[in-house]
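Heads up, the thing below is written out as structure tokens.
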Amino acid sequence: MSQQHSTRRAFVHRVAGLAIGASAASRLLSRSALAAGVPIRKHPELIVRSPDPLDLETPAHLLDSWITPNDLFYVRSHLFTPKIDAAQWRLTVEAPDGRRISMSLDDLKRLPRVEQVVTMECAGNGRALFRPRMAGAQWLRGAVGTARWAGVRLADLLEKAGAPRTGFHVAFDAADQPIGNVPDFLRSVPVEKCFHPATMLAYEMNGEPLPVQHGYPLRAIVPGWEGAACVKWLTRLVVQQREAEGFFMNTAYRYPTRPVAPGEAVSRDEMRVLTSVTIKSLVTHPRRGARFQPGATVEIRGNAWAGEAEVARVQISTDLGRTWADAELGRERAPFAWRRFRFRWKAPERGSYVLMSRATDNQSQIQPVIPQWNPSGYLFNAPDQVRVAVGEGVPAPSDDAEGTPPALPAGAAREITEKACLGCHDATLITQQRLSRARWEAEMDKMVRWGASVSDQDKKWIVDYLFAHFPE
Ligand SMILES: Nc1nc2c(c(=O)[nH]1)N[C@H]1C(S)=C(S)[C@@H](COP(=O)(O)O)O[C@H]1N2
Ligand SMILES: [Mo]
């Protein structure tokens, strides 16, 4: 190890930083090979959190409808988008007694078709709003959307395969491939939820074949649960006695079982796998930074959702949360879909105002004033807020896109950092973070475990450089 590193260091010095380690080079090659052939057209207003693997956020003001159009729907992919030939593709289902069924897309389309409107939210939606901050895609408010999904009931397939109805887990395996040592995306869901009549495998989204970035040709829809349960590019379902193993079950997508202090470390056995998302709302109109004249009538609109529960009430405050008034709920509804809300507001005298929304569900859960901090930044659900200006000359900040520099800044360690990191992901994944030194170190350690080739000396330089440019 150390000999290899000292050789590489010497080489790097000799060619004035233009050298590239052999393993980094091969990862760069495999990256372009894996990523090749899946060109994705992106709506110009979506915020790029990472271009490849692809993470796109929807600006909140574009979520101002019950159904989110496909080209505006957020995208969250941990790995490179796989290119799948539907003619060759099959889904296999393996039952614990050894029974196994295998189906083509046409076979699936001959099963009874179900269609339902379901909201899907990434567990990390709102992560960028937690303090202290943590590593991860820096979602603000728009890693959420609602679509009309069509496909088959998962229960129909499980029944065909003779799967047991209780006590087991269904592991969802998918066609996206690990990058270097970055773990495979593998998740499982308890069989009881899989037999729920609303849980489905979808091959259509809003009347179109599933778009490639949303899981073509087939994905899971697990209504009410956080997005990571909705595995895309499905290839294989295994009914097994235990939860699936691996990073995306054992480390990611876990939430503390007790209230923790901001910044506190929490051990694995004090966390459980995330399931339902919680009560939350989003103001979709007006947008942040809008300007009105005193006396103007403004319709405040938005969406509220409650995971597996139902939205019972949405309230609006325009005086920094001192008083709240009921909004009217929209008529469009479906069991696991968000509800629209609206409220008429008469813009008062000149000034800067914050329009806030706060939802309550049918189990009396209400959005908390202070969201529960947790180590990975999941389930942020404080009341939403949109600052607007009334009258001329009042500042009206708009922070939806919260500028992410696209490239690493100049600095002594920039090239080492590029070589160590950019084989597996783009620079924006780094430049959007704002972390303490300890968290930058922890991120580096994780990346080394995942196959980044860095010596201890390089690691120190990289952490110094990252902390200098992207401190909390
Ligand atoms: N195979 C696979 N499925 C996946 C993911 C992934 O990286 N790979 N990301 C998950 C996460 S974290 C979320 S939030 C949703 C996002 O779905 P979308 O990209 O269609 O919005 O897909 C889930 N399914
Ligand atoms: Mo997610």
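Within each chain, counting starts at residue 1; across the structure tokens, chains are named A, B, ... in the order shown, with ligands numbered 1 upward in that order.
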
Nearby residues (only C-alpha atoms) at most 8 Å from Leu140 (chain A), same-chain spacing under 3 positions excluded, as a list in words: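 Counting only C-alpha atoms, the residues come to Asn125, Gly126, Arg127, Ala128, Leu129, Ala143 and Asp400 of chain A.
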
message: From a backbone DSSP assignment, name each residue in region 28-229 of chain A labelled alpha helix (DSSP H), as a ChimeraX atom specification.
response: /A:28-35,105-109,154-160,191-194

Return as a Markdown table the residues of chain A lying at most 6 Å from ligand 1, together with the closest atom-to-atom pair for each and the distance in Å to one decimal, counting only C-alpha atoms and all ligand atoms, with rows in chain order and ascending residue number.
```
| residue | atom | partner | partner_atom_place_in_ligand_line | distance |
| --- | --- | --- | --- | --- |
| A:Tyr74 | CA | ligand 1 | 21 (O) | 4.7 |
| A:Val75 | CA | ligand 1 | 19 (O) | 3.3 |
| A:Arg76 | CA | ligand 1 | 19 (O) | 4.0 |
| A:Ser77 | CA | ligand 1 | 7 (O) | 3.6 |
| A:His78 | CA | ligand 1 | 7 (O) | 3.8 |
| A:Leu79 | CA | ligand 1 | 7 (O) | 5.6 |
| A:Cys122 | CA | ligand 1 | 14 (S) | 3.6 |
| A:Ala174 | CA | ligand 1 | 1 (N) | 4.8 |
| A:Asp176 | CA | ligand 1 | 1 (N) | 5.6 |
| A:Phe185 | CA | ligand 1 | 8 (N) | 5.5 |
| A:His214 | CA | ligand 1 | 20 (O) | 3.7 |
| A:Gly227 | CA | ligand 1 | 14 (S) | 3.7 |
| A:Ala228 | CA | ligand 1 | 11 (C) | 3.7 |
| A:Cys230 | CA | ligand 1 | 24 (N) | 4.9 |
| A:Val231 | CA | ligand 1 | 3 (N) | 3.7 |
| A:Lys232 | CA | ligand 1 | 3 (N) | 3.8 |
| A:Trp233 | CA | ligand 1 | 1 (N) | 5.4 |
```

Writing out the chosen residues with N, CA, C and O atoms as a PDB file, in the first residue's frame:
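Saved the output as out-v4.pdb:
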```pdb
ATOM      1  N   TYR A  74     -38.867  15.242  -9.736  1.00  0.00           N
ATOM      2  CA  TYR A  74     -37.492  15.149  -9.224  1.00  0.00           C
ATOM      3  C   TYR A  74     -36.895  13.784  -9.553  1.00  0.00           C
ATOM      4  O   TYR A  74     -37.620  12.807  -9.748  1.00  0.00           O
ATOM      5  N   VAL A  75     -35.568  13.729  -9.613  1.00  0.00           N
ATOM      6  CA  VAL A  75     -34.871  12.470  -9.891  1.00  0.00           C
ATOM      7  C   VAL A  75     -33.837  12.241  -8.793  1.00  0.00           C
ATOM      8  O   VAL A  75     -33.081  13.160  -8.436  1.00  0.00           O
ATOM      9  N   ARG A  76     -33.799  11.037  -8.247  1.00  0.00           N
ATOM     10  CA  ARG A  76     -32.791  10.689  -7.257  1.00  0.00           C
ATOM     11  C   ARG A  76     -32.219   9.331  -7.637  1.00  0.00           C
ATOM     12  O   ARG A  76     -32.912   8.321  -7.584  1.00  0.00           O
ATOM     13  N   SER A  77     -30.950   9.310  -8.045  1.00  0.00           N
ATOM     14  CA  SER A  77     -30.281   8.054  -8.405  1.00  0.00           C
ATOM     15  C   SER A  77     -28.934   7.995  -7.706  1.00  0.00           C
ATOM     16  O   SER A  77     -28.135   8.915  -7.813  1.00  0.00           O
ATOM     17  N   HIS A  78     -28.690   6.915  -6.984  1.00  0.00           N
ATOM     18  CA  HIS A  78     -27.416   6.750  -6.286  1.00  0.00           C
ATOM     19  C   HIS A  78     -26.316   6.294  -7.228  1.00  0.00           C
ATOM     20  O   HIS A  78     -25.138   6.473  -6.944  1.00  0.00           O
ATOM     21  N   LEU A  79     -26.694   5.633  -8.317  1.00  0.00           N
ATOM     22  CA  LEU A  79     -25.724   5.018  -9.230  1.00  0.00           C
ATOM     23  C   LEU A  79     -26.066   5.478 -10.645  1.00  0.00           C
ATOM     24  O   LEU A  79     -27.031   6.198 -10.861  1.00  0.00           O
ATOM     25  N   CYS A 122     -38.485  12.005  -1.397  1.00  0.00           N
ATOM     26  CA  CYS A 122     -37.197  11.487  -0.949  1.00  0.00           C
ATOM     27  C   CYS A 122     -37.059  11.758   0.545  1.00  0.00           C
ATOM     28  O   CYS A 122     -37.366  12.852   1.021  1.00  0.00           O
ATOM     29  N   ALA A 174     -32.133  -4.447  -8.484  1.00  0.00           N
ATOM     30  CA  ALA A 174     -32.330  -3.591  -9.641  1.00  0.00           C
ATOM     31  C   ALA A 174     -31.128  -3.637 -10.560  1.00  0.00           C
ATOM     32  O   ALA A 174     -30.065  -4.140 -10.201  1.00  0.00           O
ATOM     33  N   ASP A 176     -29.311  -1.160 -11.775  1.00  0.00           N
ATOM     34  CA  ASP A 176     -28.181  -0.236 -11.634  1.00  0.00           C
ATOM     35  C   ASP A 176     -27.038  -0.956 -10.919  1.00  0.00           C
ATOM     36  O   ASP A 176     -27.249  -1.740 -10.016  1.00  0.00           O
ATOM     37  N   PHE A 185     -27.502  -0.880  -4.971  1.00  0.00           N
ATOM     38  CA  PHE A 185     -28.746  -0.383  -4.380  1.00  0.00           C
ATOM     39  C   PHE A 185     -29.707  -1.548  -4.188  1.00  0.00           C
ATOM     40  O   PHE A 185     -30.269  -2.063  -5.140  1.00  0.00           O
ATOM     41  N   HIS A 214     -36.727   7.418 -14.293  1.00  0.00           N
ATOM     42  CA  HIS A 214     -37.667   7.043 -13.229  1.00  0.00           C
ATOM     43  C   HIS A 214     -37.847   5.531 -13.112  1.00  0.00           C
ATOM     44  O   HIS A 214     -38.760   5.076 -12.443  1.00  0.00           O
ATOM     45  N   GLY A 227     -39.140   7.693  -0.598  1.00  0.00           N
ATOM     46  CA  GLY A 227     -38.847   7.299  -1.973  1.00  0.00           C
ATOM     47  C   GLY A 227     -37.925   6.103  -2.150  1.00  0.00           C
ATOM     48  O   GLY A 227     -38.054   5.356  -3.124  1.00  0.00           O
ATOM     49  N   ALA A 228     -36.978   5.894  -1.233  1.00  0.00           N
ATOM     50  CA  ALA A 228     -35.984   4.836  -1.448  1.00  0.00           C
ATOM     51  C   ALA A 228     -36.610   3.438  -1.471  1.00  0.00           C
ATOM     52  O   ALA A 228     -35.998   2.490  -1.969  1.00  0.00           O
ATOM     53  N   CYS A 230     -39.118   2.787  -3.222  1.00  0.00           N
ATOM     54  CA  CYS A 230     -39.706   2.673  -4.561  1.00  0.00           C
ATOM     55  C   CYS A 230     -38.612   2.359  -5.576  1.00  0.00           C
ATOM     56  O   CYS A 230     -38.211   3.205  -6.382  1.00  0.00           O
ATOM     57  N   VAL A 231     -38.106   1.142  -5.508  1.00  0.00           N
ATOM     58  CA  VAL A 231     -36.911   0.762  -6.269  1.00  0.00           C
ATOM     59  C   VAL A 231     -37.185   0.810  -7.774  1.00  0.00           C
ATOM     60  O   VAL A 231     -38.202   0.300  -8.242  1.00  0.00           O
ATOM     61  N   LYS A 232     -36.249   1.464  -8.497  1.00  0.00           N
ATOM     62  CA  LYS A 232     -36.370   1.633  -9.943  1.00  0.00           C
ATOM     63  C   LYS A 232     -35.639   0.502 -10.665  1.00  0.00           C
ATOM     64  O   LYS A 232     -34.856  -0.216 -10.067  1.00  0.00           O
ATOM     65  N   TRP A 233     -35.862   0.362 -11.966  1.00  0.00           N
ATOM     66  CA  TRP A 233     -35.146  -0.599 -12.836  1.00  0.00           C
ATOM     67  C   TRP A 233     -35.141  -2.014 -12.242  1.00  0.00           C
ATOM     68  O   TRP A 233     -34.123  -2.718 -12.264  1.00  0.00           O
TER      69      TRP A 233
END
```

What lies within 9 Å of Ala306 (chain A) using only C-alpha atoms, ignoring chain neighbours under 6 positions off, as a PDB file with all heavy atoms, in the first residue's frame?
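Output file around.pdb is given in full below:
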```pdb
ATOM      1  N   GLY A 224     -46.965   6.010   0.445  1.00  0.00           N
ATOM      2  CA  GLY A 224     -46.790   6.588   1.774  1.00  0.00           C
ATOM      3  C   GLY A 224     -45.369   6.494   2.291  1.00  0.00           C
ATOM      4  O   GLY A 224     -44.987   7.243   3.169  1.00  0.00           O
ATOM      5  N   SER A 276     -42.847   5.174   6.559  1.00  0.00           N
ATOM      6  CA  SER A 276     -43.707   6.258   6.078  1.00  0.00           C
ATOM      7  C   SER A 276     -43.016   7.615   6.220  1.00  0.00           C
ATOM      8  O   SER A 276     -42.236   7.822   7.146  1.00  0.00           O
ATOM      9  CB  SER A 276     -45.002   6.247   6.899  1.00  0.00           C
ATOM     10  OG  SER A 276     -45.840   7.325   6.520  1.00  0.00           O
ATOM     11  N   VAL A 277     -43.313   8.528   5.303  1.00  0.00           N
ATOM     12  CA  VAL A 277     -42.892   9.906   5.530  1.00  0.00           C
ATOM     13  C   VAL A 277     -43.897  10.559   6.476  1.00  0.00           C
ATOM     14  O   VAL A 277     -44.930   9.963   6.806  1.00  0.00           O
ATOM     15  CB  VAL A 277     -42.754  10.708   4.201  1.00  0.00           C
ATOM     16  CG1 VAL A 277     -41.674  10.097   3.333  1.00  0.00           C
ATOM     17  CG2 VAL A 277     -44.073  10.806   3.462  1.00  0.00           C
ATOM     18  N   THR A 278     -43.588  11.772   6.928  1.00  0.00           N
ATOM     19  CA  THR A 278     -44.443  12.396   7.946  1.00  0.00           C
ATOM     20  C   THR A 278     -45.202  13.594   7.377  1.00  0.00           C
ATOM     21  O   THR A 278     -44.954  14.015   6.255  1.00  0.00           O
ATOM     22  CB  THR A 278     -43.600  12.869   9.150  1.00  0.00           C
ATOM     23  OG1 THR A 278     -42.468  13.547   8.633  1.00  0.00           O
ATOM     24  CG2 THR A 278     -43.148  11.701   9.987  1.00  0.00           C
ATOM     25  N   ILE A 279     -46.054  14.142   8.214  1.00  0.00           N
ATOM     26  CA  ILE A 279     -46.920  15.258   7.802  1.00  0.00           C
ATOM     27  C   ILE A 279     -46.083  16.460   7.352  1.00  0.00           C
ATOM     28  O   ILE A 279     -45.147  16.862   8.035  1.00  0.00           O
ATOM     29  CB  ILE A 279     -47.888  15.634   8.957  1.00  0.00           C
ATOM     30  CG1 ILE A 279     -48.846  16.737   8.527  1.00  0.00           C
ATOM     31  CG2 ILE A 279     -47.137  16.014  10.230  1.00  0.00           C
ATOM     32  CD1 ILE A 279     -49.902  16.287   7.573  1.00  0.00           C
ATOM     33  N   LYS A 280     -46.451  17.029   6.205  1.00  0.00           N
ATOM     34  CA  LYS A 280     -45.615  18.093   5.623  1.00  0.00           C
ATOM     35  C   LYS A 280     -46.422  18.894   4.615  1.00  0.00           C
ATOM     36  O   LYS A 280     -47.397  18.396   4.052  1.00  0.00           O
ATOM     37  CB  LYS A 280     -44.408  17.440   4.941  1.00  0.00           C
ATOM     38  CG  LYS A 280     -43.349  18.421   4.469  1.00  0.00           C
ATOM     39  CD  LYS A 280     -42.023  17.717   4.277  1.00  0.00           C
ATOM     40  CE  LYS A 280     -41.017  18.608   3.590  1.00  0.00           C
ATOM     41  NZ  LYS A 280     -39.721  17.949   3.445  1.00  0.00           N
ATOM     42  N   SER A 281     -45.991  20.125   4.380  1.00  0.00           N
ATOM     43  CA  SER A 281     -46.675  20.938   3.372  1.00  0.00           C
ATOM     44  C   SER A 281     -45.665  21.829   2.661  1.00  0.00           C
ATOM     45  O   SER A 281     -44.545  22.035   3.142  1.00  0.00           O
ATOM     46  CB  SER A 281     -47.765  21.789   4.025  1.00  0.00           C
ATOM     47  OG  SER A 281     -47.195  22.668   4.982  1.00  0.00           O
ATOM     48  N   PHE A 336     -53.072   8.039  -1.070  1.00  0.00           N
ATOM     49  CA  PHE A 336     -51.663   8.302  -0.744  1.00  0.00           C
ATOM     50  C   PHE A 336     -51.114   9.475  -1.544  1.00  0.00           C
ATOM     51  O   PHE A 336     -49.923   9.539  -1.820  1.00  0.00           O
ATOM     52  CB  PHE A 336     -50.829   7.048  -0.981  1.00  0.00           C
ATOM     53  CG  PHE A 336     -51.260   5.877  -0.121  1.00  0.00           C
ATOM     54  CD1 PHE A 336     -52.126   4.903  -0.618  1.00  0.00           C
ATOM     55  CD2 PHE A 336     -50.825   5.759   1.196  1.00  0.00           C
ATOM     56  CE1 PHE A 336     -52.524   3.837   0.166  1.00  0.00           C
ATOM     57  CE2 PHE A 336     -51.217   4.703   1.987  1.00  0.00           C
ATOM     58  CZ  PHE A 336     -52.079   3.732   1.476  1.00  0.00           C
ATOM     59  N   ALA A 337     -52.011  10.386  -1.910  1.00  0.00           N
ATOM     60  CA  ALA A 337     -51.594  11.538  -2.709  1.00  0.00           C
ATOM     61  C   ALA A 337     -51.715  12.807  -1.888  1.00  0.00           C
ATOM     62  O   ALA A 337     -52.541  12.897  -0.986  1.00  0.00           O
ATOM     63  CB  ALA A 337     -52.458  11.648  -3.960  1.00  0.00           C
ATOM     64  N   TRP A 338     -50.909  13.792  -2.237  1.00  0.00           N
ATOM     65  CA  TRP A 338     -51.017  15.069  -1.531  1.00  0.00           C
ATOM     66  C   TRP A 338     -52.327  15.752  -1.860  1.00  0.00           C
ATOM     67  O   TRP A 338     -52.969  15.458  -2.870  1.00  0.00           O
ATOM     68  CB  TRP A 338     -49.804  15.946  -1.779  1.00  0.00           C
ATOM     69  CG  TRP A 338     -49.498  16.386  -3.198  1.00  0.00           C
ATOM     70  CD1 TRP A 338     -50.360  16.479  -4.260  1.00  0.00           C
ATOM     71  CD2 TRP A 338     -48.217  16.810  -3.695  1.00  0.00           C
ATOM     72  NE1 TRP A 338     -49.708  16.934  -5.379  1.00  0.00           N
ATOM     73  CE2 TRP A 338     -48.388  17.148  -5.066  1.00  0.00           C
ATOM     74  CE3 TRP A 338     -46.956  16.961  -3.130  1.00  0.00           C
ATOM     75  CZ2 TRP A 338     -47.333  17.607  -5.860  1.00  0.00           C
ATOM     76  CZ3 TRP A 338     -45.923  17.413  -3.923  1.00  0.00           C
ATOM     77  CH2 TRP A 338     -46.114  17.730  -5.267  1.00  0.00           C
ATOM     78  N   ALA A 359     -49.397  21.758   8.202  1.00  0.00           N
ATOM     79  CA  ALA A 359     -50.442  20.747   8.021  1.00  0.00           C
ATOM     80  C   ALA A 359     -50.566  19.870   9.257  1.00  0.00           C
ATOM     81  O   ALA A 359     -49.621  19.730  10.040  1.00  0.00           O
ATOM     82  CB  ALA A 359     -50.115  19.886   6.797  1.00  0.00           C
ATOM     83  N   THR A 360     -51.761  19.296   9.414  1.00  0.00           N
ATOM     84  CA  THR A 360     -52.055  18.356  10.495  1.00  0.00           C
ATOM     85  C   THR A 360     -52.679  17.128   9.844  1.00  0.00           C
ATOM     86  O   THR A 360     -53.460  17.268   8.904  1.00  0.00           O
ATOM     87  CB  THR A 360     -53.079  18.963  11.487  1.00  0.00           C
ATOM     88  OG1 THR A 360     -52.606  20.240  11.905  1.00  0.00           O
ATOM     89  CG2 THR A 360     -53.285  18.081  12.700  1.00  0.00           C
ATOM     90  N   ASP A 361     -52.351  15.928  10.339  1.00  0.00           N
ATOM     91  CA  ASP A 361     -52.973  14.739   9.739  1.00  0.00           C
ATOM     92  C   ASP A 361     -54.123  14.214  10.596  1.00  0.00           C
ATOM     93  O   ASP A 361     -54.432  14.776  11.657  1.00  0.00           O
ATOM     94  CB  ASP A 361     -51.930  13.664   9.401  1.00  0.00           C
ATOM     95  CG  ASP A 361     -51.368  12.949  10.631  1.00  0.00           C
ATOM     96  OD1 ASP A 361     -51.961  13.051  11.721  1.00  0.00           O
ATOM     97  OD2 ASP A 361     -50.325  12.294  10.484  1.00  0.00           O
ATOM     98  N   ASN A 362     -54.766  13.143  10.126  1.00  0.00           N
ATOM     99  CA  ASN A 362     -55.948  12.628  10.815  1.00  0.00           C
ATOM    100  C   ASN A 362     -55.596  11.848  12.080  1.00  0.00           C
ATOM    101  O   ASN A 362     -56.461  11.309  12.740  1.00  0.00           O
ATOM    102  CB  ASN A 362     -56.786  11.763   9.862  1.00  0.00           C
ATOM    103  CG  ASN A 362     -56.010  10.550   9.363  1.00  0.00           C
ATOM    104  OD1 ASN A 362     -54.780  10.512   9.459  1.00  0.00           O
ATOM    105  ND2 ASN A 362     -56.713   9.565   8.843  1.00  0.00           N
ATOM    106  N   GLN A 365     -51.088  14.452  14.141  1.00  0.00           N
ATOM    107  CA  GLN A 365     -49.685  14.846  13.976  1.00  0.00           C
ATOM    108  C   GLN A 365     -49.655  16.184  13.255  1.00  0.00           C
ATOM    109  O   GLN A 365     -50.336  16.359  12.241  1.00  0.00           O
ATOM    110  CB  GLN A 365     -48.919  13.813  13.138  1.00  0.00           C
ATOM    111  CG  GLN A 365     -48.806  12.454  13.807  1.00  0.00           C
ATOM    112  CD  GLN A 365     -47.963  12.510  15.070  1.00  0.00           C
ATOM    113  OE1 GLN A 365     -46.858  13.042  15.056  1.00  0.00           O
ATOM    114  NE2 GLN A 365     -48.505  11.980  16.160  1.00  0.00           N
TER     115      GLN A 365
END
```

query: Do you know which residues are at most 10 Å from Ile221 (chain A) counting only C-alpha atoms, after dropping those on the same chain fewer than 3 positions away, and could you put them as number ranges by chain?
result: A: 118-120, 149-151, 153-154, 194, 198-202, 218, 224-225, 227-232

message: Taking 5 positions as the minimum chain separation for residues in the same chain, which residues sit within 9 Å of Leu435 (chain A) when counting only C-alpha atoms? Answer as a list of chain:residue names.
response: A:Pro132, A:Arg133, A:Met134, A:Ala135, A:Trp440, A:Leu466, A:Phe467, A:Phe470, A:Pro471, A:Glu472

Same residues, all heavy atoms, output as a JSON list (two decimals), in the first residue's frame:
```json
[["chain", "number", "residue", "atom", "x", "y", "z"],
["A", 132, "PRO", "N", -26.82, 21.48, 12.78],
["A", 132, "PRO", "CA", -25.71, 21.54, 11.85],
["A", 132, "PRO", "C", -25.98, 20.70, 10.59],
["A", 132, "PRO", "O", -26.79, 19.78, 10.60],
["A", 132, "PRO", "CB", -24.55, 20.94, 12.65],
["A", 132, "PRO", "CG", -25.18, 20.11, 13.70],
["A", 132, "PRO", "CD", -26.46, 20.78, 14.03],
["A", 133, "ARG", "N", -25.28, 21.08, 9.52],
["A", 133, "ARG", "CA", -25.49, 20.43, 8.24],
["A", 133, "ARG", "C", -24.80, 19.08, 8.20],
["A", 133, "ARG", "O", -23.94, 18.78, 9.02],
["A", 133, "ARG", "CB", -24.94, 21.34, 7.14],
["A", 133, "ARG", "CG", -25.57, 22.71, 7.20],
["A", 133, "ARG", "CD", -25.08, 23.57, 6.09],
["A", 133, "ARG", "NE", -25.62, 23.11, 4.83],
["A", 133, "ARG", "CZ", -26.02, 23.94, 3.86],
["A", 133, "ARG", "NH1", -25.94, 25.24, 4.02],
["A", 133, "ARG", "NH2", -26.50, 23.48, 2.75],
["A", 134, "MET", "N", -25.24, 18.26, 7.26],
["A", 134, "MET", "CA", -24.63, 16.95, 7.09],
["A", 134, "MET", "C", -24.38, 16.70, 5.60],
["A", 134, "MET", "O", -24.93, 17.39, 4.74],
["A", 134, "MET", "CB", -25.49, 15.84, 7.71],
["A", 134, "MET", "CG", -26.87, 15.68, 7.14],
["A", 134, "MET", "SD", -28.05, 16.99, 7.53],
["A", 134, "MET", "CE", -28.46, 16.64, 9.23],
["A", 135, "ALA", "N", -23.53, 15.70, 5.32],
["A", 135, "ALA", "CA", -23.22, 15.38, 3.93],
["A", 135, "ALA", "C", -24.44, 14.75, 3.27],
["A", 135, "ALA", "O", -25.33, 14.23, 3.94],
["A", 135, "ALA", "CB", -22.04, 14.42, 3.86],
["A", 440, "TRP", "N", -16.21, 16.29, 7.09],
["A", 440, "TRP", "CA", -15.44, 16.09, 5.85],
["A", 440, "TRP", "C", -14.54, 14.87, 5.98],
["A", 440, "TRP", "O", -14.40, 14.07, 5.06],
["A", 440, "TRP", "CB", -14.60, 17.33, 5.52],
["A", 440, "TRP", "CG", -15.34, 18.37, 4.72],
["A", 440, "TRP", "CD1", -15.55, 19.67, 5.07],
["A", 440, "TRP", "CD2", -15.95, 18.20, 3.43],
["A", 440, "TRP", "NE1", -16.26, 20.32, 4.08],
["A", 440, "TRP", "CE2", -16.52, 19.45, 3.07],
["A", 440, "TRP", "CE3", -16.09, 17.12, 2.55],
["A", 440, "TRP", "CZ2", -17.21, 19.64, 1.86],
["A", 440, "TRP", "CZ3", -16.77, 17.30, 1.36],
["A", 440, "TRP", "CH2", -17.32, 18.56, 1.03],
["A", 466, "LEU", "N", -10.99, 20.87, 1.30],
["A", 466, "LEU", "CA", -12.46, 20.88, 1.30],
["A", 466, "LEU", "C", -13.00, 21.74, 2.43],
["A", 466, "LEU", "O", -13.93, 22.52, 2.26],
["A", 466, "LEU", "CB", -13.00, 19.45, 1.39],
["A", 466, "LEU", "CG", -12.70, 18.58, 0.17],
["A", 466, "LEU", "CD1", -13.17, 17.13, 0.42],
["A", 466, "LEU", "CD2", -13.39, 19.14, -1.09],
["A", 467, "PHE", "N", -12.36, 21.61, 3.59],
["A", 467, "PHE", "CA", -12.85, 22.37, 4.73],
["A", 467, "PHE", "C", -12.58, 23.87, 4.54],
["A", 467, "PHE", "O", -13.39, 24.71, 4.92],
["A", 467, "PHE", "CB", -12.21, 21.86, 6.04],
["A", 467, "PHE", "CG", -12.70, 22.61, 7.24],
["A", 467, "PHE", "CD1", -14.05, 22.60, 7.58],
["A", 467, "PHE", "CD2", -11.83, 23.35, 8.03],
["A", 467, "PHE", "CE1", -14.53, 23.31, 8.67],
["A", 467, "PHE", "CE2", -12.29, 24.05, 9.14],
["A", 467, "PHE", "CZ", -13.65, 24.02, 9.45],
["A", 470, "PHE", "N", -15.30, 24.77, 1.72],
["A", 470, "PHE", "CA", -16.72, 24.43, 1.97],
["A", 470, "PHE", "C", -16.96, 24.14, 3.44],
["A", 470, "PHE", "O", -17.39, 23.06, 3.80],
["A", 470, "PHE", "CB", -17.13, 23.24, 1.09],
["A", 470, "PHE", "CG", -16.78, 23.43, -0.36],
["A", 470, "PHE", "CD1", -15.73, 22.71, -0.93],
["A", 470, "PHE", "CD2", -17.47, 24.35, -1.12],
["A", 470, "PHE", "CE1", -15.39, 22.92, -2.27],
["A", 470, "PHE", "CE2", -17.12, 24.57, -2.46],
["A", 470, "PHE", "CZ", -16.08, 23.85, -3.03],
["A", 471, "PRO", "N", -16.65, 25.12, 4.31],
["A", 471, "PRO", "CA", -16.87, 24.91, 5.73],
["A", 471, "PRO", "C", -18.35, 25.05, 6.07],
["A", 471, "PRO", "O", -19.10, 25.61, 5.26],
["A", 471, "PRO", "CB", -16.09, 26.07, 6.37],
["A", 471, "PRO", "CG", -16.22, 27.17, 5.36],
["A", 471, "PRO", "CD", -16.21, 26.50, 4.00],
["A", 472, "GLU", "N", -18.70, 24.53, 7.21],
["A", 472, "GLU", "CA", -20.09, 24.66, 7.62],
["A", 472, "GLU", "C", -20.45, 26.13, 7.75],
["A", 472, "GLU", "O", -19.74, 26.90, 8.38],
["A", 472, "GLU", "CB", -20.28, 23.97, 8.96],
["A", 472, "GLU", "CG", -21.58, 24.36, 9.57],
["A", 472, "GLU", "CD", -22.29, 23.24, 10.28],
["A", 472, "GLU", "OE1", -21.61, 22.45, 10.95],
["A", 472, "GLU", "OE2", -23.51, 23.18, 10.15]]
```

- prompt: Of the candidates A:Pro348, A:Gly307, A:Pro406, A:Pro51, which one gets nearest to Gly295 (chain A) if we count only C-alpha atoms?
  reply: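 Looking at the shortest contact to Gly295 (chain A), the residue is A:Pro348.
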
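CA of Ile416 (chain A) lies 10.1 Å from CA of Tyr465 (chain A).
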
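Distance check against ligand 2 using only C-alpha atoms and all ligand atoms: of A:Phe172, A:Trp139, A:Trp345, A:Phe195, the minimum falls on A:Trp139.
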
- prompt: Mind pulling up the distance from CA of Ala427 (chain A) to CA of Arg141 (chain A)?
  reply: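 Answer for the CA of Arg141 (chain A) to CA of Ala427 (chain A) separation: 21.9 Å.
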
query: What lies within 10 Å of Pro44 (chain A) using only C-alpha atoms, ignoring chain neighbours under 4 positions off, as a PyMOL selection string?
result: chain A and resi 48+71-72

Generate a file of the selected residues that holds N, CA and C atoms, formatted as a PDB file, in the first residue's frame.
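So selection.pdb came out as:
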```
ATOM      1  N   VAL A  48     -29.904  21.047 -10.751  1.00  0.00           N
ATOM      2  CA  VAL A  48     -29.026  19.879 -10.821  1.00  0.00           C
ATOM      3  C   VAL A  48     -28.279  19.742  -9.499  1.00  0.00           C
ATOM      4  N   ASP A  71     -41.643  15.582 -16.895  1.00  0.00           N
ATOM      5  CA  ASP A  71     -40.365  16.284 -17.106  1.00  0.00           C
ATOM      6  C   ASP A  71     -40.030  17.232 -15.957  1.00  0.00           C
ATOM      7  N   LEU A  72     -40.962  17.394 -15.003  1.00  0.00           N
ATOM      8  CA  LEU A  72     -40.677  18.224 -13.829  1.00  0.00           C
ATOM      9  C   LEU A  72     -40.464  17.389 -12.571  1.00  0.00           C
TER      10      LEU A  72
END
```
